[in-house]
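What follows is the content of data07.pdb (PDB, C-alpha atoms).
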ATOM      1  CA  ASN A  66      72.164  17.424 -12.273
ATOM      2  CA  ALA A  67      71.661  13.725 -11.485
ATOM      3  CA  GLY A  68      67.986  13.458 -12.571
ATOM      4  CA  VAL A  69      66.207  10.622 -10.758
ATOM      5  CA  THR A  70      68.297   8.548  -8.352
ATOM      6  CA  GLN A  71      67.172   5.247  -6.844
ATOM      7  CA  THR A  72      68.774   3.202  -4.106
ATOM      8  CA  PRO A  73      69.636   0.409  -3.828
ATOM      9  CA  LYS A  74      70.338  -0.978  -7.332
ATOM     10  CA  PHE A  75      70.084  -4.596  -6.217
ATOM     11  CA  GLN A  76      68.514  -6.240  -3.177
ATOM     12  CA  VAL A  77      67.782  -9.778  -2.027
ATOM     13  CA  LEU A  78      65.200 -10.233   0.716
ATOM     14  CA  LYS A  79      63.853 -13.209   2.562
ATOM     15  CA  THR A  80      60.103 -13.727   2.623
ATOM     16  CA  GLY A  81      58.595 -11.637   5.395
ATOM     17  CA  GLN A  82      61.399  -9.091   5.600
ATOM     18  CA  SER A  83      60.727  -5.417   5.123
ATOM     19  CA  MET A  84      62.613  -2.768   3.211
ATOM     20  CA  THR A  85      62.303   0.703   1.767
ATOM     21  CA  LEU A  86      63.287   1.714  -1.747
ATOM     22  CA  GLN A  87      64.477   5.289  -1.929
ATOM     23  CA  CYS A  88      63.962   7.717  -4.800
ATOM     24  CA  ALA A  89      65.061  11.323  -5.145
ATOM     25  CA  GLN A  90      64.870  13.793  -8.029
ATOM     26  CA  ASP A  91      66.655  17.100  -8.457
ATOM     27  CA  MET A  92      64.544  18.519 -11.296
ATOM     28  CA  ASN A  93      61.980  20.280  -9.078
ATOM     29  CA  HIS A  94      59.255  18.001 -10.428
ATOM     30  CA  ASN A  95      55.840  17.899  -8.785
ATOM     31  CA  SER A  96      54.808  14.384  -9.814
ATOM     32  CA  MET A  97      56.562  11.171  -8.850
ATOM     33  CA  TYR A  98      55.747   7.546  -9.623
ATOM     34  CA  TRP A  99      56.665   4.001  -8.656
ATOM     35  CA  TYR A 100      56.386   1.251 -11.274
ATOM     36  CA  ARG A 101      57.231  -2.423 -11.286
ATOM     37  CA  GLN A 102      58.397  -4.193 -14.427
ATOM     38  CA  ASP A 103      57.806  -7.886 -14.959
ATOM     39  CA  PRO A 104      58.435  -9.890 -18.153
ATOM     40  CA  GLY A 105      55.540  -9.586 -20.582
ATOM     41  CA  MET A 106      53.603  -7.206 -18.340
ATOM     42  CA  GLY A 107      55.161  -3.877 -19.117
ATOM     43  CA  LEU A 108      55.421  -1.130 -16.524
ATOM     44  CA  ARG A 109      52.649  -1.282 -13.978
ATOM     45  CA  LEU A 110      51.949   1.683 -11.727
ATOM     46  CA  ILE A 111      52.123   0.919  -8.006
ATOM     47  CA  TYR A 112      51.610   4.387  -6.509
ATOM     48  CA  TYR A 113      52.031   7.934  -7.632
ATOM     49  CA  SER A 114      52.194  11.364  -6.063
ATOM     50  CA  ALA A 115      50.835  14.325  -8.009
ATOM     51  CA  SER A 116      52.419  16.807  -5.610
ATOM     52  CA  GLU A 117      54.095  17.034  -2.231
ATOM     53  CA  GLY A 118      51.766  15.735   0.470
ATOM     54  CA  THR A 119      49.533  13.681  -1.817
ATOM     55  CA  THR A 120      49.681  10.044  -2.861
ATOM     56  CA  ASP A 121      47.321   7.835  -4.818
ATOM     57  CA  LYS A 122      47.052   4.156  -5.652
ATOM     58  CA  GLY A 123      47.940   2.852  -9.051
ATOM     59  CA  GLU A 124      47.160  -0.447 -10.712
ATOM     60  CA  VAL A 125      48.980  -2.796  -8.287
ATOM     61  CA  PRO A 126      49.228  -1.168  -4.803
ATOM     62  CA  ASN A 127      48.642  -4.222  -2.603
ATOM     63  CA  GLY A 128      51.615  -5.052  -0.385
ATOM     64  CA  TYR A 129      53.208  -1.617  -0.756
ATOM     65  CA  ASN A 130      53.152   1.723   1.028
ATOM     66  CA  VAL A 131      54.636   5.044  -0.047
ATOM     67  CA  SER A 132      55.767   8.277   1.522
ATOM     68  CA  ARG A 133      56.238  11.587  -0.248
ATOM     69  CA  LEU A 134      58.721  12.926   2.269
ATOM     70  CA  ASN A 135      59.173  16.268   0.507
ATOM     71  CA  LYS A 136      59.167  17.525  -3.052
ATOM     72  CA  ARG A 137      62.413  15.684  -3.887
ATOM     73  CA  GLU A 138      61.856  12.291  -2.283
ATOM     74  CA  PHE A 139      59.312   9.502  -2.786
ATOM     75  CA  SER A 140      59.936   6.190  -1.017
ATOM     76  CA  LEU A 141      58.348   2.778  -1.520
ATOM     77  CA  ARG A 142      58.056   0.369   1.407
ATOM     78  CA  LEU A 143      57.483  -3.357   1.419
ATOM     79  CA  GLU A 144      56.271  -4.260   4.907
ATOM     80  CA  SER A 145      56.389  -8.047   4.511
ATOM     81  CA  ALA A 146      58.063  -9.098   1.284
ATOM     82  CA  ALA A 147      56.632 -11.962  -0.761
ATOM     83  CA  PRO A 148      58.154 -13.888  -3.702
ATOM     84  CA  SER A 149      55.473 -12.316  -5.941
ATOM     85  CA  GLN A 150      57.155  -8.968  -5.324
ATOM     86  CA  THR A 151      60.310 -10.099  -7.094
ATOM     87  CA  SER A 152      60.604  -7.548  -9.861
ATOM     88  CA  VAL A 153      62.469  -4.550 -11.205
ATOM     89  CA  TYR A 154      61.214  -1.340  -9.634
ATOM     90  CA  PHE A 155      61.442   2.025 -11.346
ATOM     91  CA  CYS A 156      60.867   5.435  -9.875
ATOM     92  CA  ALA A 157      59.958   8.282 -12.229
ATOM     93  CA  SER A 158      59.164  11.978 -12.018
ATOM     94  CA  SER A 159      57.588  14.623 -14.212
ATOM     95  CA  ALA A 160      56.865  18.321 -14.092
ATOM     96  CA  ALA A 161      53.385  19.655 -13.385
ATOM     97  CA  GLY A 162      50.901  19.383 -16.221
ATOM     98  CA  LEU A 163      49.548  16.541 -18.292
ATOM     99  CA  ASN A 164      51.834  16.913 -21.311
ATOM    100  CA  THR A 165      55.222  16.535 -19.685
ATOM    101  CA  GLU A 166      57.896  13.883 -20.059
ATOM    102  CA  ALA A 167      58.453  11.360 -17.282
ATOM    103  CA  PHE A 168      62.095  10.705 -16.373
ATOM    104  CA  PHE A 169      63.071   7.346 -14.927
ATOM    105  CA  GLY A 170      65.612   6.267 -12.358
ATOM    106  CA  GLN A 171      68.029   3.428 -13.118
ATOM    107  CA  GLY A 172      65.860   0.809 -11.441
ATOM    108  CA  THR A 173      66.121  -1.537  -8.445
ATOM    109  CA  ARG A 174      66.273  -5.270  -9.049
ATOM    110  CA  LEU A 175      64.593  -6.932  -6.075
ATOM    111  CA  THR A 176      64.578 -10.665  -5.445
ATOM    112  CA  VAL A 177      62.481 -12.171  -2.661
ATOM    113  CA  VAL A 178      63.448 -15.727  -1.717
TER     114      VAL A 178
ATOM    115  CA  GLY B 140      40.944   3.771 -15.158
ATOM    116  CA  GLU B 141      42.983   3.923 -18.334
ATOM    117  CA  ASN B 142      43.856   0.700 -20.143
ATOM    118  CA  VAL B 143      46.536   0.640 -22.846
ATOM    119  CA  GLU B 144      46.942  -2.323 -25.170
ATOM    120  CA  GLN B 145      50.049  -2.738 -27.328
ATOM    121  CA  HIS B 146      50.746  -4.988 -30.325
ATOM    122  CA  PRO B 147      52.726  -6.896 -31.358
ATOM    123  CA  SER B 148      54.624  -8.185 -28.348
ATOM    124  CA  THR B 149      57.603  -9.125 -30.540
ATOM    125  CA  LEU B 150      58.631  -7.807 -33.933
ATOM    126  CA  SER B 151      61.527  -8.900 -36.093
ATOM    127  CA  VAL B 152      62.548  -6.902 -39.182
ATOM    128  CA  GLN B 153      65.457  -6.815 -41.576
ATOM    129  CA  GLU B 154      67.829  -3.889 -41.390
ATOM    130  CA  GLY B 155      66.529  -1.077 -43.565
ATOM    131  CA  ASP B 156      62.902  -2.160 -43.344
ATOM    132  CA  SER B 157      60.182  -0.248 -41.507
ATOM    133  CA  ALA B 158      58.662  -1.235 -38.166
ATOM    134  CA  VAL B 159      55.204  -0.329 -36.889
ATOM    135  CA  ILE B 160      53.938  -0.746 -33.323
ATOM    136  CA  LYS B 161      50.297  -0.079 -32.476
ATOM    137  CA  CYS B 162      48.538   0.897 -29.257
ATOM    138  CA  THR B 163      44.945   1.470 -28.241
ATOM    139  CA  TYR B 164      43.676   3.256 -25.149
ATOM    140  CA  SER B 165      40.353   3.251 -23.353
ATOM    141  CA  ASP B 166      39.965   6.676 -21.709
ATOM    142  CA  SER B 167      38.738   9.257 -24.212
ATOM    143  CA  ALA B 168      39.952  12.012 -21.845
ATOM    144  CA  SER B 169      43.613  10.999 -22.295
ATOM    145  CA  ASN B 170      45.545  13.697 -24.122
ATOM    146  CA  TYR B 171      49.251  12.858 -23.958
ATOM    147  CA  PHE B 172      50.846   9.828 -25.627
ATOM    148  CA  PRO B 173      54.577   9.210 -25.198
ATOM    149  CA  TRP B 174      56.742   6.403 -26.540
ATOM    150  CA  TYR B 175      59.685   5.045 -24.564
ATOM    151  CA  LYS B 176      62.636   2.910 -25.636
ATOM    152  CA  GLN B 177      64.296   0.570 -23.163
ATOM    153  CA  GLU B 178      67.585  -1.096 -23.969
ATOM    154  CA  LEU B 179      68.571  -4.237 -22.100
ATOM    155  CA  GLY B 180      69.355  -3.483 -18.468
ATOM    156  CA  LYS B 181      68.683   0.230 -18.874
ATOM    157  CA  ARG B 182      65.944   2.612 -17.843
ATOM    158  CA  PRO B 183      63.107   3.592 -20.238
ATOM    159  CA  GLN B 184      63.826   6.791 -22.136
ATOM    160  CA  LEU B 185      61.447   8.993 -24.086
ATOM    161  CA  ILE B 186      61.918   8.907 -27.859
ATOM    162  CA  ILE B 187      58.867  10.814 -29.065
ATOM    163  CA  ASP B 188      55.511  12.017 -27.769
ATOM    164  CA  ILE B 189      52.313  13.458 -29.194
ATOM    165  CA  ARG B 190      49.567  15.645 -27.773
ATOM    166  CA  SER B 191      45.897  15.093 -28.497
ATOM    167  CA  ASN B 192      45.567  18.189 -30.666
ATOM    168  CA  VAL B 193      48.110  16.807 -33.151
ATOM    169  CA  GLY B 194      47.528  13.970 -35.601
ATOM    170  CA  GLU B 195      51.111  13.199 -36.531
ATOM    171  CA  LYS B 196      54.622  14.031 -35.379
ATOM    172  CA  LYS B 197      57.933  13.132 -36.955
ATOM    173  CA  ASP B 198      61.517  13.184 -35.713
ATOM    174  CA  GLN B 199      64.035  11.939 -38.272
ATOM    175  CA  ARG B 200      63.360   8.188 -38.721
ATOM    176  CA  ILE B 201      60.668   8.058 -36.052
ATOM    177  CA  ALA B 202      57.055   9.141 -36.423
ATOM    178  CA  VAL B 203      53.933   8.801 -34.321
ATOM    179  CA  THR B 204      50.326   9.030 -35.507
ATOM    180  CA  LEU B 205      47.242   9.526 -33.358
ATOM    181  CA  ASN B 206      43.605   8.800 -34.175
ATOM    182  CA  LYS B 207      41.546  10.178 -31.298
ATOM    183  CA  THR B 208      38.251   9.023 -32.742
ATOM    184  CA  ALA B 209      39.395   5.423 -32.847
ATOM    185  CA  LYS B 210      41.534   5.825 -29.701
ATOM    186  CA  HIS B 211      44.671   4.391 -31.174
ATOM    187  CA  PHE B 212      48.187   5.609 -31.866
ATOM    188  CA  SER B 213      51.160   4.086 -33.630
ATOM    189  CA  LEU B 214      54.949   4.309 -33.728
ATOM    190  CA  HIS B 215      56.662   4.107 -37.105
ATOM    191  CA  ILE B 216      60.399   3.547 -37.451
ATOM    192  CA  THR B 217      61.815   3.761 -40.964
ATOM    193  CA  GLU B 218      65.186   2.541 -42.249
ATOM    194  CA  THR B 219      65.695   0.418 -39.154
ATOM    195  CA  GLN B 220      69.204  -0.127 -37.825
ATOM    196  CA  PRO B 221      70.613  -2.722 -35.396
ATOM    197  CA  GLU B 222      70.765  -0.071 -32.655
ATOM    198  CA  ASP B 223      66.982   0.247 -32.880
ATOM    199  CA  SER B 224      66.752  -3.207 -31.275
ATOM    200  CA  ALA B 225      65.121  -2.683 -27.861
ATOM    201  CA  VAL B 226      61.805  -2.858 -26.044
ATOM    202  CA  TYR B 227      59.384  -0.067 -26.932
ATOM    203  CA  PHE B 228      56.553   1.058 -24.672
ATOM    204  CA  CYS B 229      53.592   3.248 -25.480
ATOM    205  CA  ALA B 230      51.781   5.151 -22.744
ATOM    206  CA  ALA B 231      48.783   7.407 -22.190
ATOM    207  CA  ARG B 232      48.082  10.126 -19.658
ATOM    208  CA  GLY B 233      45.159  12.384 -18.917
ATOM    209  CA  GLY B 234      41.588  12.311 -17.787
ATOM    210  CA  GLY B 235      41.440  11.493 -14.098
ATOM    211  CA  GLY B 236      44.650  12.810 -12.613
ATOM    212  CA  ASN B 237      48.253  12.665 -13.738
ATOM    213  CA  LYS B 238      48.669   8.897 -13.990
ATOM    214  CA  LEU B 239      50.838   7.606 -16.823
ATOM    215  CA  THR B 240      49.651   4.172 -17.973
ATOM    216  CA  PHE B 241      51.936   1.978 -20.082
ATOM    217  CA  GLY B 242      51.344  -0.741 -22.609
ATOM    218  CA  THR B 243      52.953  -4.154 -22.188
ATOM    219  CA  GLY B 244      55.862  -3.437 -24.532
ATOM    220  CA  THR B 245      57.152  -4.606 -27.916
ATOM    221  CA  GLN B 246      60.492  -6.367 -28.286
ATOM    222  CA  LEU B 247      61.912  -5.118 -31.590
ATOM    223  CA  LYS B 248      64.766  -7.033 -33.166
ATOM    224  CA  VAL B 249      66.512  -5.646 -36.216
ATOM    225  CA  GLU B 250      68.404  -8.368 -38.045
ATOM    226  CA  LEU B 251      71.369  -7.826 -40.313
TER     227      LEU B 251
END
Represent the supplied structure as structure tokens.
Amino acid sequence: NAGVTQTPKFQVLKTGQSMTLQCAQDMNHNSMYWYRQDPGMGLRLIYYSASEGTTDKGEVPNGYNVSRLNKREFSLRLESAAPSQTSVYFCASSAAGLNTEAFFGQGTRLTVV
Amino acid sequence: GENVEQHPSTLSVQEGDSAVIKCTYSDSASNYFPWYKQELGKRPQLIIDIRSNVGEKKDQRIAVTLNKTAKHFSLHITETQPEDSAVYFCAARGGGGNKLTFGTGTQLKVEL
């Protein structure tokens, strides 16, 4: 039981390049989330998916797209990376219902130069 | 949408003292309030949570209180130890959808 797995752990991109961050969970959770973490700004929600086939914008969605490929996988895509997207990205998942714990992946440290 | 404010941003205490971190939220429909601890270079991990129908919850040295009328909740750590040093995040969920909104974090340092 691996929990929430993110790949890659580290990535350096040049401005304008594209990439996809992968996230998979093996806990049969309905809800999945993508957050970015920047110093002094906490964890800000980029996108989330309440269930397979649905996605919704969070607080900072601009410059990102997501795909809920199936119940296990939720990917985050940067179409044209910008230095402002340098951050640590966390994927998380939780079971259905409002009062359930969110489990986090180990994070992806992305640097855009 | 929900807005969660967290104070203080940094907190330094002596070993054995108590630490208190406070959060306020804006959406009166929120009904789930977790607290996460993040050690340096690690992922956030849940340490305690509270539902809206409960005013206080305790787990060993950690306790959380919730005041729904005032829309604020607090984390209390007693008898602090060096291993309590970390960043702590509060969060709120509920109301419109299943979004989990986090505060900006508190860097707690426990000094010997």
* Please identify every residue of chain A that has at least one atom no more than 8 Å from any atom of chain B, counting all atoms listed in the file, and report them as a PyMOL selection string. => chain A and resi 96+105-110+113+115+123+155+162-164+166-172
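Distance annotation: of A:Thr173, A:Cys88, A:Thr151, A:Ala161, the residue with the minimal separation from Leu134 of chain A is A:Cys88; atom set is only C-alpha atoms.
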* Nearby residues (all atoms listed in the file) at most 12 Å from Leu143 of chain A, same-chain spacing under 4 positions excluded, as a ChimeraX atom specification -> /A:78-87,111,126-132,147-151,154,175,177
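For Glu195 of chain B, the set of protein, DNA and RNA residues having any atom at most 10 Å away, when counting all atoms listed in the file and skipping those fewer than 2 positions along the same chain, is Asp188, Ile189, Arg190, Ser191, Asn192, Val193, Lys197, Ala202, Val203, Thr204, Leu205, Asn206, Phe212 and Ser213 of chain B.
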* Asked: Counting all atoms listed in the file, which of A:Asp103, A:Glu138, A:Asp91, A:Glu144 gets nearest to Glu117 of chain A?
  -> A:Glu138
Emit as AutoDock Vina command-line options the padded axis-aligned box for all listed atoms of segment 144-155 of chain A, 8 Å per side, with centre and edge lengths in Å to one decimal.
--center_x 59.0 --center_y -5.9 --center_z -3.2 --size_x 23.0 --size_y 31.9 --size_z 32.3
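Interatomic distance, atom CA of Gln102 of chain A against atom CA of Ile186 of chain B: 19.1 Å.
Between atom CA of Ala225 of chain B and atom CA of Ser140 of chain A there is a distance of 28.7 Å.
The shell of residues at most 7 Å from Gln220 of chain B, with all atoms listed in the file counted and near chain neighbours (fewer than 3 positions) removed, consists of Glu154, Gly155, Asp223 and Val249 of chain B.
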* Enumerate, as a ChimeraX atom specification, the residues matched when the PyMOL selection byres ((chain B and resi 210) around 10) is run on the file above. => /B:143,162-167,169,205-209,211-212
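For the set A:Ser158, A:Thr165, A:Ser116, A:Thr176, the residue with the smallest atom-to-atom gap to Val69 of chain A is A:Ser158, counting all atoms listed in the file.
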* To do: Could you list the residues chosen by the PyMOL selection byres ((chain B and resi 219) around 9) in this structure as a PyMOL selection string?
  => chain B and resi 152-158+200+216-218+220-224+249
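When atom CA of Gln90 of chain A is paired with atom CA of Asn142 of chain B, their separation reads 27.6 Å.
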